[in-house]
$ cat start_37.csv   # CSV, C-alpha atoms and all ligand atoms
chain,number,residue,atom,x,y,z
A,1,MET,CA,43.6,39.5,-38.3
A,2,GLY,CA,44.9,38.5,-34.9
A,3,GLU,CA,48.4,39.9,-35.7
A,4,LEU,CA,47.2,43.5,-36.4
A,5,PRO,CA,47.6,46.1,-33.6
A,6,LEU,CA,44.5,46.3,-31.4
A,7,LEU,CA,42.8,49.4,-32.9
A,8,ALA,CA,43.4,48.2,-36.4
A,9,ARG,CA,42.0,44.8,-35.5
A,10,ILE,CA,38.8,46.4,-34.1
A,11,THR,CA,38.4,48.7,-37.1
A,12,ALA,CA,38.8,45.7,-39.5
A,13,ARG,CA,36.4,43.6,-37.6
A,14,GLN,CA,33.7,46.3,-37.6
A,15,GLN,CA,34.2,46.9,-41.3
A,16,GLN,CA,33.9,43.2,-42.0
A,17,LEU,CA,30.6,43.0,-40.0
A,18,HIS,CA,29.3,46.1,-41.8
A,19,ASP,CA,30.2,44.8,-45.2
A,20,SER,CA,28.5,41.5,-44.6
A,21,GLY,CA,25.4,43.2,-43.3
A,22,LEU,CA,25.8,41.7,-39.8
A,23,LEU,CA,26.9,44.8,-37.8
A,24,ARG,CA,24.8,44.9,-34.6
A,25,GLN,CA,23.8,48.3,-33.2
A,26,ARG,CA,21.5,49.5,-30.4
A,27,ARG,CA,18.4,51.6,-30.9
A,28,LEU,CA,16.7,53.6,-28.2
A,29,MET,CA,13.3,52.1,-27.2
A,30,ASP,CA,11.3,53.5,-24.3
A,31,ALA,CA,8.5,51.1,-23.2
A,32,ALA,CA,5.2,52.9,-23.1
A,33,THR,CA,3.1,50.0,-21.9
A,34,ALA,CA,3.8,46.2,-21.6
A,35,ALA,CA,2.8,45.9,-25.3
A,36,THR,CA,3.9,49.1,-26.9
A,37,VAL,CA,7.2,51.0,-27.2
A,38,THR,CA,8.3,54.4,-28.4
A,39,ALA,CA,11.2,54.7,-30.8
A,40,ASP,CA,12.2,57.6,-33.0
A,41,ASN,CA,9.1,59.4,-31.9
A,42,ALA,CA,6.9,56.6,-33.2
A,43,ASN,CA,4.6,54.4,-31.1
A,44,LEU,CA,5.1,50.7,-32.0
A,45,HIS,CA,3.2,47.6,-31.1
A,46,ASN,CA,5.9,45.6,-29.3
A,47,PHE,CA,6.2,42.0,-30.5
A,48,ALA,CA,9.9,41.7,-29.7
A,49,SER,CA,10.1,41.6,-25.9
A,50,ASN,CA,10.3,38.6,-23.6
A,51,ASP,CA,7.8,40.1,-21.2
A,52,TYR,CA,5.5,37.1,-21.8
A,53,LEU,CA,3.0,38.0,-19.0
A,54,GLY,CA,3.3,41.7,-19.2
A,55,LEU,CA,4.6,41.8,-15.6
A,56,SER,CA,7.4,44.4,-16.4
A,57,ARG,CA,4.6,47.1,-16.1
A,58,ALA,CA,2.4,45.5,-13.4
A,59,PRO,CA,1.7,48.1,-10.7
A,60,GLN,CA,2.0,45.5,-8.0
A,61,VAL,CA,5.5,44.6,-9.1
A,62,ALA,CA,6.5,48.3,-9.3
A,63,ALA,CA,5.1,48.8,-5.8
A,64,ALA,CA,7.0,45.8,-4.5
A,65,LEU,CA,10.2,47.2,-6.0
A,66,PHE,CA,9.7,50.5,-4.2
A,67,ALA,CA,8.8,48.8,-0.9
A,68,GLY,CA,11.8,46.5,-1.3
A,69,ALA,CA,14.1,49.4,-1.8
A,70,GLN,CA,12.7,51.2,1.3
A,71,GLN,CA,13.0,48.1,3.5
A,72,TYR,CA,16.3,46.6,2.3
A,73,GLY,CA,18.0,49.3,0.1
A,74,VAL,CA,18.3,49.7,-3.6
A,75,GLY,CA,21.7,48.0,-3.8
A,76,SER,CA,22.9,44.9,-1.9
A,77,THR,CA,26.2,46.8,-1.1
A,78,ALA,CA,28.5,43.7,-1.3
A,79,SER,CA,28.9,40.2,-2.5
A,80,PRO,CA,26.7,37.6,-0.8
A,81,LEU,CA,29.5,36.1,1.3
A,82,VAL,CA,30.4,39.5,2.7
A,83,CYS,CA,27.2,41.3,3.7
A,84,GLY,CA,25.1,41.2,0.5
A,85,TYR,CA,22.8,38.3,1.3
A,86,SER,CA,19.6,39.5,3.0
A,87,SER,CA,16.2,38.2,4.0
A,88,ALA,CA,14.9,39.5,0.7
A,89,HIS,CA,17.2,37.1,-1.1
A,90,GLN,CA,16.4,34.2,1.2
A,91,GLN,CA,12.7,34.7,0.8
A,92,LEU,CA,12.9,34.7,-3.0
A,93,GLU,CA,15.0,31.6,-2.9
A,94,HIS,CA,12.4,29.9,-0.7
A,95,ALA,CA,9.6,31.0,-3.1
A,96,LEU,CA,11.5,29.6,-6.1
A,97,CYS,CA,12.0,26.3,-4.3
A,98,ALA,CA,8.2,26.2,-3.5
A,99,ALA,CA,7.4,26.9,-7.2
A,100,THR,CA,9.8,24.4,-8.7
A,101,GLY,CA,10.0,21.6,-6.0
A,102,ALA,CA,13.8,22.1,-5.8
A,103,GLU,CA,15.6,21.9,-2.4
A,104,ALA,CA,17.6,25.0,-2.8
A,105,ALA,CA,18.2,28.1,-5.0
A,106,LEU,CA,21.0,30.6,-5.6
A,107,LEU,CA,20.5,34.1,-7.1
A,108,PHE,CA,22.5,35.8,-9.7
A,109,SER,CA,22.3,39.2,-11.4
A,110,SER,CA,21.6,37.7,-14.9
A,111,GLY,CA,20.7,34.5,-16.5
A,112,PHE,CA,23.8,34.7,-18.7
A,113,SER,CA,26.2,34.9,-15.7
A,114,ALA,CA,24.2,32.2,-13.8
A,115,ASN,CA,24.4,29.8,-16.7
A,116,SER,CA,28.1,30.3,-17.6
A,117,ALA,CA,29.1,30.4,-13.9
A,118,LEU,CA,27.3,27.2,-13.2
A,119,ILE,CA,29.0,25.4,-16.0
A,120,LYS,CA,32.5,26.8,-15.3
A,121,THR,CA,32.2,25.8,-11.7
A,122,LEU,CA,31.0,22.3,-12.3
A,123,PHE,CA,33.2,21.1,-15.2
A,124,ASN,CA,36.8,21.1,-16.3
A,125,GLY,CA,38.9,19.8,-19.1
A,126,ASP,CA,38.6,16.2,-18.0
A,127,ASP,CA,34.8,16.3,-18.6
A,128,THR,CA,32.7,15.3,-21.6
A,129,VAL,CA,29.4,17.2,-21.8
A,130,VAL,CA,26.6,16.4,-24.3
A,131,ALA,CA,24.4,19.3,-25.4
A,132,ASP,CA,21.6,20.1,-27.8
A,133,LYS,CA,23.0,21.9,-30.9
A,134,LEU,CA,20.9,25.0,-30.1
A,135,VAL,CA,21.7,25.7,-26.4
A,136,HIS,CA,22.2,29.3,-25.5
A,137,ALA,CA,25.4,31.3,-25.9
A,138,SER,CA,25.7,31.6,-22.1
A,139,MET,CA,26.1,27.8,-21.8
A,140,ILE,CA,28.5,27.6,-24.8
A,141,ASP,CA,30.7,30.3,-23.2
A,142,GLY,CA,30.8,28.4,-19.9
A,143,LEU,CA,31.7,25.2,-21.7
A,144,ARG,CA,34.4,26.9,-23.6
A,145,ASP,CA,35.9,28.6,-20.5
A,146,ALA,CA,35.8,25.2,-18.7
A,147,LYS,CA,37.6,23.7,-21.8
A,148,VAL,CA,35.3,20.6,-21.6
A,149,LYS,CA,35.0,18.1,-24.4
A,150,LEU,CA,31.7,19.2,-26.0
A,151,LYS,CA,29.6,16.8,-28.0
A,152,ARG,CA,26.5,18.3,-29.6
A,153,TYR,CA,23.5,16.4,-30.9
A,154,GLN,CA,21.1,17.6,-33.6
A,155,HIS,CA,18.4,19.8,-32.2
A,156,ASN,CA,15.9,17.8,-30.1
A,157,ASP,CA,17.1,14.5,-31.7
A,158,LEU,CA,16.7,11.9,-28.9
A,159,ALA,CA,18.3,9.1,-30.9
A,160,ALA,CA,21.4,11.3,-31.5
A,161,ALA,CA,21.5,12.2,-27.8
A,162,GLU,CA,21.3,8.5,-26.9
A,163,ARG,CA,24.2,7.7,-29.3
A,164,LEU,CA,26.4,10.2,-27.5
A,165,LEU,CA,25.4,9.0,-24.0
A,166,SER,CA,26.0,5.4,-24.9
A,167,GLN,CA,29.6,6.2,-25.8
A,168,GLY,CA,30.1,6.5,-22.0
A,169,LYS,CA,32.0,8.9,-19.7
A,170,VAL,CA,29.5,11.7,-20.1
A,171,THR,CA,29.5,14.1,-17.1
A,172,ALA,CA,26.2,15.8,-17.9
A,173,LEU,CA,23.6,16.6,-20.6
A,174,LEU,CA,22.5,20.2,-21.3
A,175,THR,CA,19.3,21.4,-22.9
A,176,GLU,CA,17.0,24.4,-23.0
A,177,THR,CA,13.3,23.8,-22.2
A,178,ILE,CA,11.6,26.2,-24.7
A,179,PHE,CA,14.3,27.1,-27.2
A,180,SER,CA,14.9,30.8,-27.4
A,181,MET,CA,15.1,31.2,-31.2
A,182,ASP,CA,12.8,28.3,-32.4
A,183,GLY,CA,10.2,28.4,-29.6
A,184,ASP,CA,9.9,24.6,-29.6
A,185,CYS,CA,10.1,22.5,-26.5
A,186,ALA,CA,12.7,19.9,-25.7
A,187,PRO,CA,11.4,16.3,-25.2
A,188,LEU,CA,12.1,16.8,-21.5
A,189,HIS,CA,10.5,13.6,-20.1
A,190,GLU,CA,12.4,11.5,-22.6
A,191,LEU,CA,15.7,13.2,-22.0
A,192,ALA,CA,15.2,12.8,-18.3
A,193,ALA,CA,14.5,9.1,-18.8
A,194,LEU,CA,17.6,8.7,-21.0
A,195,CYS,CA,19.8,10.6,-18.4
A,196,GLN,CA,18.5,8.3,-15.7
A,197,GLN,CA,19.2,5.2,-17.8
A,198,TYR,CA,22.8,6.4,-18.4
A,199,ASP,CA,23.2,7.8,-14.9
A,200,CYS,CA,24.0,11.2,-16.3
A,201,PRO,CA,22.9,14.5,-14.6
A,202,LEU,CA,20.5,16.7,-16.7
A,203,ILE,CA,20.9,20.5,-16.6
A,204,VAL,CA,18.1,22.5,-18.1
A,205,ASP,CA,18.0,26.2,-19.1
A,206,ASP,CA,14.3,27.1,-18.3
A,207,ALA,CA,14.7,30.7,-19.2
A,208,HIS,CA,11.7,30.7,-21.7
A,209,GLY,CA,9.7,27.8,-20.3
A,210,PHE,CA,9.4,28.6,-16.6
A,211,LEU,CA,5.7,28.6,-15.5
A,212,LEU,CA,4.6,28.8,-19.2
A,213,ALA,CA,5.2,25.2,-20.3
A,214,ASP,CA,5.1,21.8,-18.7
A,215,THR,CA,8.7,22.0,-17.6
A,216,LEU,CA,8.4,21.5,-13.8
A,217,GLN,CA,7.3,17.9,-14.1
A,218,VAL,CA,11.0,17.0,-14.6
A,219,VAL,CA,13.3,17.6,-11.6
A,220,PRO,CA,16.8,18.0,-13.2
A,221,PHE,CA,20.2,18.1,-11.5
A,222,ALA,CA,20.1,21.9,-12.1
A,223,ARG,CA,17.6,24.3,-13.6
A,224,LEU,CA,18.2,27.9,-14.7
A,225,ILE,CA,15.4,30.4,-14.2
A,226,THR,CA,15.7,33.9,-15.4
A,227,PHE,CA,13.6,36.8,-14.0
A,228,GLY,CA,13.9,39.0,-17.1
A,229,LYS,CA,11.3,37.0,-19.1
A,230,THR,CA,8.2,35.4,-17.6
A,231,LEU,CA,8.6,37.6,-14.5
A,232,GLY,CA,9.3,40.8,-16.3
A,233,CYS,CA,12.1,41.7,-13.8
A,234,GLN,CA,15.8,41.3,-13.7
A,235,GLY,CA,18.2,38.6,-12.3
A,236,ALA,CA,18.2,34.8,-12.3
A,237,ALA,CA,18.5,31.7,-10.2
A,238,ILE,CA,20.0,28.2,-10.3
A,239,VAL,CA,17.8,25.7,-8.4
A,240,GLY,CA,18.8,22.2,-7.5
A,241,SER,CA,19.8,20.1,-4.5
A,242,GLN,CA,21.1,21.6,-1.3
A,243,GLN,CA,24.4,19.9,-2.0
A,244,LEU,CA,24.7,21.6,-5.4
A,245,ILE,CA,23.8,25.0,-4.1
A,246,ASP,CA,26.3,24.7,-1.1
A,247,PHE,CA,29.0,23.7,-3.6
A,248,LEU,CA,28.2,26.8,-5.8
A,249,VAL,CA,28.2,29.1,-2.7
A,250,ALA,CA,31.7,27.9,-1.8
A,251,ASN,CA,33.2,27.6,-5.3
A,252,CYS,CA,31.4,29.8,-7.9
A,253,ARG,CA,33.6,32.8,-8.6
A,254,GLU,CA,30.8,34.9,-10.2
A,255,TYR,CA,28.8,34.4,-7.0
A,256,ILE,CA,31.7,35.0,-4.6
A,257,TYR,CA,33.3,38.0,-6.3
A,258,SER,CA,30.3,40.0,-7.5
A,259,THR,CA,27.8,42.3,-5.8
A,260,ALA,CA,24.7,40.4,-4.9
A,261,LEU,CA,21.5,41.0,-6.8
A,262,SER,CA,19.6,44.1,-5.6
A,263,PRO,CA,17.3,43.2,-2.7
A,264,ALA,CA,14.6,45.5,-4.1
A,265,CYS,CA,14.8,43.4,-7.3
A,266,CYS,CA,14.3,40.3,-5.2
A,267,VAL,CA,11.1,41.6,-3.6
A,268,ALA,CA,9.8,42.6,-7.0
A,269,ALA,CA,10.6,39.2,-8.5
A,270,GLN,CA,8.9,37.5,-5.6
A,271,GLN,CA,5.7,39.6,-6.3
A,272,ALA,CA,6.0,38.8,-10.0
A,273,LEU,CA,6.3,35.1,-9.2
A,274,GLN,CA,3.1,35.2,-7.2
A,275,LEU,CA,1.2,36.9,-10.0
A,276,ALA,CA,2.7,34.5,-12.6
A,277,THR,CA,1.5,31.5,-10.7
A,278,GLU,CA,-2.1,32.8,-10.5
A,279,PRO,CA,-4.0,31.4,-13.5
A,280,PRO,CA,-5.4,34.4,-15.5
A,281,LEU,CA,-2.2,35.7,-17.0
A,282,VAL,CA,-0.9,32.4,-18.3
A,283,ALA,CA,-4.4,31.6,-19.8
A,284,GLN,CA,-4.5,35.0,-21.5
A,285,LEU,CA,-1.0,34.3,-23.0
A,286,GLN,CA,-2.2,30.9,-24.3
A,287,GLN,CA,-5.2,32.5,-25.9
A,288,ASN,CA,-3.0,35.0,-27.6
A,289,ILE,CA,-0.7,32.3,-28.9
A,290,ALA,CA,-3.6,30.3,-30.3
A,291,LEU,CA,-5.1,33.3,-32.0
A,292,PHE,CA,-1.8,34.3,-33.6
A,293,ARG,CA,-1.2,30.8,-34.9
A,294,GLN,CA,-4.7,30.4,-36.2
A,295,LEU,CA,-4.6,33.7,-38.1
A,296,ALA,CA,-1.1,33.0,-39.3
A,297,GLN,CA,-2.1,29.6,-40.6
A,298,GLN,CA,-5.1,31.0,-42.4
A,299,ALA,CA,-2.8,33.6,-44.0
A,300,LYS,CA,-0.3,30.8,-44.9
A,301,LEU,CA,2.6,32.5,-43.2
A,302,PRO,CA,5.8,30.5,-42.9
A,303,LEU,CA,5.4,29.5,-39.2
A,304,LEU,CA,7.6,27.1,-37.4
A,305,ALA,CA,6.2,24.3,-35.2
A,306,SER,CA,6.1,26.3,-32.0
A,307,ALA,CA,3.4,26.2,-29.4
A,308,SER,CA,5.1,28.8,-27.2
A,309,ALA,CA,5.1,32.6,-26.9
A,310,ILE,CA,8.1,32.6,-29.3
A,311,GLN,CA,6.7,32.4,-32.9
A,312,PRO,CA,9.5,32.5,-35.5
A,313,LEU,CA,8.8,33.2,-39.2
A,314,LEU,CA,11.6,31.9,-41.4
A,315,ILE,CA,12.8,34.4,-44.0
A,316,CYS,CA,16.2,32.7,-44.7
A,317,ALA,CA,18.4,35.5,-46.1
A,318,SER,CA,19.7,38.0,-43.5
A,319,GLU,CA,19.4,41.1,-45.7
A,320,GLN,CA,15.8,40.2,-46.4
A,321,VAL,CA,14.9,39.7,-42.7
A,322,MET,CA,16.2,43.2,-41.9
A,323,GLN,CA,14.2,44.7,-44.7
A,324,VAL,CA,11.0,42.9,-43.7
A,325,ALA,CA,11.5,44.0,-40.0
A,326,GLN,CA,12.0,47.6,-41.2
A,327,GLN,CA,8.9,47.5,-43.3
A,328,LEU,CA,6.9,46.2,-40.3
A,329,ARG,CA,8.3,49.0,-38.3
A,330,GLU,CA,7.1,51.6,-40.8
A,331,ARG,CA,3.7,50.0,-40.3
A,332,GLY,CA,4.0,50.4,-36.5
A,333,PHE,CA,5.1,46.9,-35.4
A,334,LEU,CA,8.4,46.0,-33.6
A,335,VAL,CA,9.5,42.4,-34.1
A,336,GLY,CA,12.9,40.7,-33.6
A,337,ALA,CA,15.1,40.2,-36.7
A,338,ILE,CA,17.4,37.4,-36.0
A,339,ARG,CA,20.5,36.7,-38.1
A,340,PRO,CA,23.6,34.6,-38.0
A,341,PRO,CA,25.6,34.0,-35.8
A,342,THR,CA,22.6,33.9,-33.4
A,343,VAL,CA,21.0,31.3,-35.7
A,344,PRO,CA,22.6,29.1,-38.4
A,345,GLN,CA,23.4,30.6,-41.9
A,346,GLY,CA,20.3,30.6,-44.1
A,347,SER,CA,17.8,30.5,-41.3
A,348,SER,CA,17.4,34.2,-40.5
A,349,ARG,CA,14.0,34.8,-39.1
A,350,LEU,CA,11.5,37.2,-37.6
A,351,ARG,CA,11.2,36.4,-33.9
A,352,ILE,CA,7.7,37.4,-32.9
A,353,THR,CA,7.0,37.1,-29.3
A,354,LEU,CA,3.5,37.1,-27.8
A,355,SER,CA,2.5,38.5,-24.4
A,356,ALA,CA,-0.6,38.3,-22.2
A,357,ALA,CA,-0.6,42.1,-22.5
A,358,HIS,CA,-1.3,42.0,-26.3
A,359,SER,CA,-4.9,42.8,-27.4
A,360,THR,CA,-6.7,40.7,-30.1
A,361,THR,CA,-6.7,43.9,-32.2
A,362,GLN,CA,-2.9,44.2,-32.0
A,363,ILE,CA,-2.5,40.5,-33.0
A,364,SER,CA,-4.9,40.8,-36.0
A,365,ALA,CA,-3.3,44.0,-37.1
A,366,LEU,CA,0.2,42.4,-36.9
A,367,ILE,CA,-1.0,39.5,-39.1
A,368,ALA,CA,-2.4,41.9,-41.7
A,369,ALA,CA,0.9,43.8,-41.8
A,370,LEU,CA,2.9,40.6,-42.1
A,371,VAL,CA,0.7,39.5,-45.0
A,372,GLU,CA,1.2,42.8,-46.8
A,373,VAL,CA,5.0,43.0,-46.2
A,374,LEU,CA,5.7,39.4,-47.0
A,375,ALA,CA,3.7,39.7,-50.3
A,376,ASP,CA,5.9,42.7,-51.2
A,377,ALA,CA,9.0,40.8,-50.3
A,378,GLY,CA,8.0,38.2,-52.9
B,1,LIG,C1,17.9,30.5,-23.3
B,1,LIG,C2,18.4,31.6,-22.5
B,1,LIG,N1,19.2,31.4,-21.5
B,1,LIG,C3,19.8,32.3,-20.8
B,1,LIG,C4,19.6,33.7,-21.1
B,1,LIG,C5,20.2,34.7,-20.3
B,1,LIG,O1,19.3,35.3,-19.4
B,1,LIG,P1,19.4,36.8,-18.9
B,1,LIG,O2,18.7,37.6,-20.0
B,1,LIG,O3,18.7,36.9,-17.6
B,1,LIG,O4,20.9,37.2,-18.9
B,1,LIG,C6,18.8,34.0,-22.2
B,1,LIG,C7,18.5,35.4,-22.5
B,1,LIG,O5,18.2,35.8,-23.6
B,1,LIG,C8,18.2,32.9,-22.9
B,1,LIG,O6,17.4,33.2,-24.0

$ encode --input "start_37.csv" --output "structure tokens"
Amino acid sequence: MGELPLLARITARQQQLHDSGLLRQRRLMDAATAATVTADNANLHNFASNDYLGLSRAPQVAAALFAGAQQYGVGSTASPLVCGYSSAHQQLEHALCAATGAEAALLFSSGFSANSALIKTLFNGDDTVVADKLVHASMIDGLRDAKVKLKRYQHNDLAAAERLLSQGKVTALLTETIFSMDGDCAPLHELAALCQQYDCPLIVDDAHGFLLADTLQVVPFARLITFGKTLGCQGAAIVGSQQLIDFLVANCREYIYSTALSPACCVAAQQALQLATEPPLVAQLQQNIALFRQLAQQAKLPLLASASAIQPLLICASEQVMQVAQQLRERGFLVGAIRPPTVPQGSSRLRITLSAAHSTTQISALIAALVEVLADAG
């Protein structure tokens, strides 16, 4: 296909995706509340977002965004090294350090760019990097761009990770904390101990675990935090040692050549961080997760072993997962339908995400709809 002229290549690729049932398309979704969304004039209960604490709609966060825009401007107007780095950025960095115990932090406009930029800046073709088989696309893209020698171990398999580390000459080990598609948690303490034993820096993508799971007990070489999930905002940070952050400021092309994160977003994220660290929201989310799992177990739904807000239900075939998601939608529920290449062939799934903003009525109604739809699907 690479030899076709460009437009013919694009057309052929789209046709191929369409024919295999894997063509991705957007749909308009307007959030009505933190737990509902309007699409095609229908109101849907939203079990597909990563707004785990419902902070995307918190009035205090919206007020902080407005106040931040008034004080510092909507846009940062330049890259951080020119004139785009303000007190709003610095204060958020300090707050993230206080929350994580890290020495220093650096802000990016998205978790994807932070992850791939970190990896591209740290490694090159002489490096061997060990990574969990399921690390996020943003890490994989960074590793590919850096042309590192990548060795992957079976998901969460400590013995396999150790085998790779023991072969020597490993520059770093990469893992997520809570895995985005499976919802399970890496054995972080054990991985940290292994890394210490083999003198290997540990890099963790804490996009889905930050403040929600026991991930801060481990102090890695570098940690990615995204603001678009637990904090309900936008943007991301790398936290680590002062030496690491100074190195990134001086060498990371995405940081140097890109307009800094909006200062208004920094003020909003700082407010969200404060709300997220106060107990009631996380406790409410934990209650919702427990209720969902209890009802799903009673109904014998095909749950995976996840204790997090990400609760996948394995459906296996990609056409079937799309059908089941569509039938749920007709009953008023929006859930993620995840197919290859995001997950391995034969492991398509519904990705159901819980939020502190869900009511018990919404959760019970979702379980009832799942039971009905999965019984129909046979
Ligand atoms: C594990 C993981 N890392 C990184 C990212 C990228 O973060 P962002 O959405 O802020 O670009 C995501 C987003 O889905 C993710 O799931």

$ closest_residue --input "start_37.csv" --among "A:Gln167, A:Thr361, A:Asn46, A:Ser180" --to "ligand LIG 1 (chain B)" --atoms "all atoms listed in the file"
A:Ser180

$ residues_near_ligand --input "start_37.csv" --ligand "ligand LIG 1 (chain B)" --cutoff "6 Å" --atoms "all atoms listed in the file" --output "list in words"
Ser110, Gly111, Phe112, His136, Ser180, Asp205, Ala207, Thr226, Gly228, Gly235 and Ala236 of chain A

$ atom_distance --input "start_37.csv" --atom1 "atom CA of A:Leu17" --atom2 "atom CA of A:Val135"
23.7 Å

$ residues_around --input "start_37.csv" --residues "A:Ser347" --least-positions-apart "4" --cutoff "8 Å" --atoms "all atoms listed in the file" --output "MDAnalysis selection string"
chainID A and resid 314:317 339:340 343

$ residues_around --input "start_37.csv" --residues "A:Leu216" --least-positions-apart "3" --cutoff "12 Å" --atoms "only C-alpha atoms" --output "ChimeraX atom specification"
/A:96-102,177,188-189,192,204-206,209-213,219-220,222-225,239

$ residues_around --input "start_37.csv" --residues "stretch 292-301 of chain A" --least-positions-apart "3" --cutoff "8 Å" --atoms "all atoms listed in the file" --output "PyMOL selection string"
chain A and resi 288-289+313+363-364+367+371

$ closest_residue --input "start_37.csv" --among "A:Asp40, A:Asp199, A:Asp376, A:Glu278" --to "A:Gln320" --atoms "only C-alpha atoms"
A:Asp376

$ residues_around --input "start_37.csv" --residues "A:Leu370" --least-positions-apart "4" --cutoff "8 Å" --atoms "only C-alpha atoms" --output "list of chain:residue names"
A:Leu328, A:Leu366, A:Leu374

$ closest_residue --input "start_37.csv" --among "A:Thr230, A:Gln243, A:Ser166, A:Asn124" --to "A:Ser355" --atoms "all atoms listed in the file"
A:Thr230

$ atom_distance --input "start_37.csv" --atom1 "atom CA of A:Lys149" --atom2 "atom CA of A:Ser258"
28.1 Å

$ atom_distance --input "start_37.csv" --atom1 "atom CA of A:Glu162" --atom2 "atom CA of A:Ala186"
14.3 Å

$ residues_around --input "start_37.csv" --residues "A:Lys229" --least-positions-apart "5" --cutoff "8 Å" --atoms "only C-alpha atoms" --output "PyMOL selection string"
chain A and resi 50-52+207-208

$ write_last_selection --input "start_37.csv" --atoms "C-alpha atoms" --output "mmCIF file, in the coordinates of the input"
data_model
loop_
_atom_site.group_PDB
_atom_site.id
_atom_site.type_symbol
_atom_site.label_atom_id
_atom_site.label_comp_id
_atom_site.auth_asym_id
_atom_site.auth_seq_id
_atom_site.Cartn_x
_atom_site.Cartn_y
_atom_site.Cartn_z
ATOM 1 C CA ASN A 50 10.300 38.600 -23.600
ATOM 2 C CA ASP A 51 7.800 40.100 -21.200
ATOM 3 C CA TYR A 52 5.500 37.100 -21.800
ATOM 4 C CA ALA A 207 14.700 30.700 -19.200
ATOM 5 C CA HIS A 208 11.700 30.700 -21.700
#

$ closest_residue --input "start_37.csv" --among "A:Leu164, A:Ala325, A:Leu354, A:Ile238" --to "A:Leu291" --atoms "only C-alpha atoms"
A:Leu354
